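Working notes for the structure below.
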Amino acid sequence: MLETAGDEFLWQGRPFRIVAGAMHYFRIHPEQWTDRIEKARLLGLNTIDVYVPWNAHQPRPGEMRFDGILDLPRYLGLIAEAGLKVLFRPGPYICAEWDGGGLPAWLTSDPSIKLRTSDPAYLKAVDEWFDQLIPVIEPFLAHHGGPIIAVQVENEYGAFGDDEQYLRHIVDGYRRRGITELLFTCDQAHSEEMLRNGGLDDVLRTGTFGGKVDTALATLRKIQPTGPLMCAEFWNGWFDHWGGPHHTRDGRSAADDLEKLLAAGGSVSLYMFHGGTNFGFTSGANLKHAYEPTITSYDYDAPLAENGDITRKYELMRAAIAKHVPVPDQPLPAPAPTVGHSGIVLDSAVSLLDVPGTPVESAEPLTMEALGQADGFVIYRTTLPEAGPTVLTVTAYSDRVQVFLDGNPAGLLERSRHERSLPVVASRPGAELTLVVENAGRVNYGPGMLDPKGLLGPVTAGGAELSGWTQTAVPLDDVTGLPFAPAGTRLPIGPTLRRGEFTLDTVADSYLALPGWERGAAWINGFPLGRFAARGPQRTLYVPAPVLKAGVNEIVVLELQASSSDTVDLLPEPDLGIVAD
């Protein structure tokens, strides 16, 4: 068992230094888990940092998923087989630039629930989740001979609140459910207030930081006079937002600060060791002065690249680690092979408005969550009572509204630009108003996590509220079997799904490029690669080799606006955008 003695960790009674790295199973194709774990071992890591996304495992109350990319027991078993340990971080909130910070949509859309507090309604949901999760991971706890040596309590809670009763409830809940392993909290070490508010005096506090190592450790030691010094998130890179630059961190700078931390006797977890990908509609968003959705790639400029390749940063950090703990004396793997295929023609199409769904009628518009949906789109329809010009106002929505009158494009509203109104012209009384509302990702950090999607308030025309709505949820969690038809020379107007096929002789990693396409999402052989946007920064989507097959492959691309091309390309190299200054 892992325990503390003075300023050290002890493992089975002997001094032990945690050298860990974060790696999210839900951002890596399951057939690539073994490869990524082995490269963590070769870096010199002895532990893997494992977040658990509650919303992915429990998309609806009472529904649990531990299959495919969510097969947490298999992932933990592979880590154990590699001889590595686990820092287990089940939240319930994880941040991680993940949709809603891991909190389920059915929870974050309920304004009556006070998230991340001792509100009984919130605690009831948390307890029901842990009642399901902990029995699943119990065989992997250290006291049962498993790899989980420590379990985190909440996550950077000091940046959110100071509800000690809430933190105590989580601690007591862990113990009551049989977790006897070492518990810890983590908070931003540049702030005494965050470290103090986010922790408990009988639980080990750890810090999160990326630089100014001496200052961060001094602040942590001031708040916690004794106990091991640990950076639970050493930020060796950063993430990107759509429309912003691509962030990187100099490898030498990261390695030097890591060496400084280890030289001070600290333990560490690299955030990230390997970032992976926000497949499908799983990326989150920030909300400061404006709404900023996160991109699909979670490469994070990590030591191990998005496709699992070893980087120069990996080599520099491996050398830093080797000065303080044993590193396997083995050659490093060569880069993964890649494959390209240019000019893939998407020659069939179906309008998003024609995707089968179940229309729901109501006097006022319903939210996405009220329709039982967490991701994707909702199509709203009503009529305008009068002909002629008017001002259409969508009083509240999340996150993007495309407006159509009698099937013709009439405008666009975006939450990120604080837009609410636009002029429209109805050609006749009773013109059909159609609003296609996109969920671009739930806020994952700060006070804005109460983030329902769809239409959230009245829609008015010339100041008069519209009623008599029909709304259809379009989750796009399965694009197989859609009613595609030959595209010909006339495509549907507005959001359109395009389909094509291509043939490969060999299978390897690749990168989907969409020059001439504006905004949407893509799937290959039914696997959701994620969102794309011409505004960047990323210009390609990672295609894991296991997604492809020798022979005929299917690709589906959703274009929300319009495309000047009917082809896409598979490239052998990624393009994550221009690096930030």
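Labels used: A, B, ... for chains in the order of the structure tokens, numbers from 1 for residues in each chain, and numbers from 1 for ligands as shown.
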Within region 160-366 of chain A, find each residue whose DSSP state, derived from the backbone, is strand (DSSP E or B), and express the selection as a PDB file with C-alpha atoms, in the first residue's frame.
ATOM      1  CA  LEU A 182      -4.169   6.992  -0.050  1.00  0.00           C
ATOM      2  CA  LEU A 183      -6.407   9.955  -0.898  1.00  0.00           C
ATOM      3  CA  PHE A 184      -5.230  13.288  -2.301  1.00  0.00           C
ATOM      4  CA  THR A 185      -6.518  16.590  -3.646  1.00  0.00           C
ATOM      5  CA  CYS A 186      -4.937  18.796  -6.295  1.00  0.00           C
ATOM      6  CA  ASP A 187      -5.140  22.564  -6.743  1.00  0.00           C
ATOM      7  CA  GLN A 188      -3.333  25.325  -8.565  1.00  0.00           C
ATOM      8  CA  LEU A 204      -2.674  14.966   1.111  1.00  0.00           C
ATOM      9  CA  ARG A 205      -2.633  18.196  -0.880  1.00  0.00           C
ATOM     10  CA  THR A 206      -0.831  18.285  -4.226  1.00  0.00           C
ATOM     11  CA  GLY A 207      -0.266  21.167  -6.638  1.00  0.00           C
ATOM     12  CA  THR A 208      -0.804  21.820 -10.327  1.00  0.00           C
ATOM     13  CA  PHE A 209       1.607  24.045 -12.253  1.00  0.00           C
ATOM     14  CA  MET A 230       3.889  16.470  -5.521  1.00  0.00           C
ATOM     15  CA  CYS A 231       2.825  18.203  -8.719  1.00  0.00           C
ATOM     16  CA  ALA A 232      -0.277  16.265  -9.734  1.00  0.00           C
ATOM     17  CA  GLU A 233      -0.463  18.105 -13.064  1.00  0.00           C
ATOM     18  CA  PHE A 234       2.801  19.294 -14.548  1.00  0.00           C
ATOM     19  CA  TRP A 235       1.606  21.289 -17.546  1.00  0.00           C
ATOM     20  CA  HIS A 241      -9.718  26.722 -29.028  1.00  0.00           C
ATOM     21  CA  HIS A 246      -1.956  26.345 -31.827  1.00  0.00           C
ATOM     22  CA  SER A 267       6.817  13.501  -7.258  1.00  0.00           C
ATOM     23  CA  VAL A 268       5.085  14.363 -10.510  1.00  0.00           C
ATOM     24  CA  SER A 269       2.375  13.539 -12.998  1.00  0.00           C
ATOM     25  CA  LEU A 270       2.853  14.921 -16.500  1.00  0.00           C
ATOM     26  CA  TYR A 271      -0.258  16.603 -17.886  1.00  0.00           C
ATOM     27  CA  MET A 272      -0.399  15.344 -20.500  1.00  0.00           C
ATOM     28  CA  PHE A 273       1.967  12.460 -21.188  1.00  0.00           C
ATOM     29  CA  HIS A 274      -0.267  11.595 -24.151  1.00  0.00           C
ATOM     30  CA  THR A 277      -8.262  13.075 -29.447  1.00  0.00           C
ATOM     31  CA  SER A 283     -14.712  18.354 -26.574  1.00  0.00           C
ATOM     32  CA  ALA A 285     -15.450  24.747 -23.895  1.00  0.00           C
ATOM     33  CA  ASN A 286     -14.370  27.694 -21.779  1.00  0.00           C
ATOM     34  CA  LEU A 287     -16.523  30.670 -20.865  1.00  0.00           C
ATOM     35  CA  TYR A 291     -17.724  31.224 -25.240  1.00  0.00           C
ATOM     36  CA  GLU A 292     -14.658  29.366 -26.564  1.00  0.00           C
ATOM     37  CA  PRO A 293     -15.132  25.749 -27.704  1.00  0.00           C
ATOM     38  CA  THR A 294     -12.126  23.422 -27.651  1.00  0.00           C
ATOM     39  CA  SER A 297      -7.223  17.396 -31.323  1.00  0.00           C
ATOM     40  CA  LEU A 304       3.832  11.521 -26.951  1.00  0.00           C
ATOM     41  CA  ILE A 310       7.792   9.886 -29.735  1.00  0.00           C
ATOM     42  CA  THR A 338       1.118   6.430 -42.175  1.00  0.00           C
ATOM     43  CA  HIS A 341      -5.149   8.917 -50.302  1.00  0.00           C
ATOM     44  CA  SER A 342      -5.991  12.039 -52.297  1.00  0.00           C
ATOM     45  CA  GLY A 343      -9.180  13.125 -53.990  1.00  0.00           C
ATOM     46  CA  ILE A 344     -11.782  11.009 -52.214  1.00  0.00           C
ATOM     47  CA  VAL A 345     -15.069  11.918 -53.891  1.00  0.00           C
ATOM     48  CA  LEU A 346     -18.166  12.323 -51.726  1.00  0.00           C
ATOM     49  CA  ASP A 347     -20.819  11.596 -54.307  1.00  0.00           C
ATOM     50  CA  SER A 348     -23.980  10.998 -52.295  1.00  0.00           C
ATOM     51  CA  ALA A 349     -25.785  13.265 -49.874  1.00  0.00           C
ATOM     52  CA  VAL A 350     -28.670  13.716 -47.470  1.00  0.00           C
ATOM     53  CA  SER A 351     -29.858  16.936 -45.846  1.00  0.00           C
ATOM     54  CA  VAL A 360     -41.940  16.550 -30.532  1.00  0.00           C
ATOM     55  CA  GLU A 361     -44.580  19.291 -30.433  1.00  0.00           C
ATOM     56  CA  SER A 362     -44.798  21.974 -27.750  1.00  0.00           C
TER      57      SER A 362
END
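Residues surrounding region 94-97 of chain A within 8 Å are Tyr51, Val52, Pro53, Arg89, Pro90, Gly101, Gly102, Glu154, Asn155, Ser283, Gly284, Ala285, Thr294, Asn444 and Tyr445 of chain A [only C-alpha atoms; sequence separation below 4 positions excluded].
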Got time to write the residues from that selection, C-alpha atoms, as a short mmCIF file (atom, residue, chain, number, x, y, z; two decimals), in the first residue's frame?
data_model
loop_
_atom_site.label_atom_id
_atom_site.label_comp_id
_atom_site.auth_asym_id
_atom_site.auth_seq_id
_atom_site.Cartn_x
_atom_site.Cartn_y
_atom_site.Cartn_z
CA TYR A 51 -9.39 10.40 -15.21
CA VAL A 52 -12.91 8.92 -15.43
CA PRO A 53 -15.58 10.81 -17.46
CA ARG A 89 -9.10 10.38 -10.56
CA PRO A 90 -12.85 9.71 -10.69
CA GLY A 101 -15.94 18.61 -17.28
CA GLY A 102 -17.26 15.06 -17.15
CA GLU A 154 -12.72 15.99 -6.61
CA ASN A 155 -10.44 18.04 -8.91
CA SER A 283 -14.71 18.35 -26.57
CA GLY A 284 -15.57 20.96 -23.96
CA ALA A 285 -15.45 24.75 -23.90
CA THR A 294 -12.13 23.42 -27.65
CA ASN A 444 -15.89 22.44 -18.55
CA TYR A 445 -14.40 24.98 -16.15
#
Task: Selected residue of minimal separation from Pro147 (chain A) among A:Gly91, A:Pro528, A:Pro335, A:Pro73, counting only C-alpha atoms - done: A:Pro73
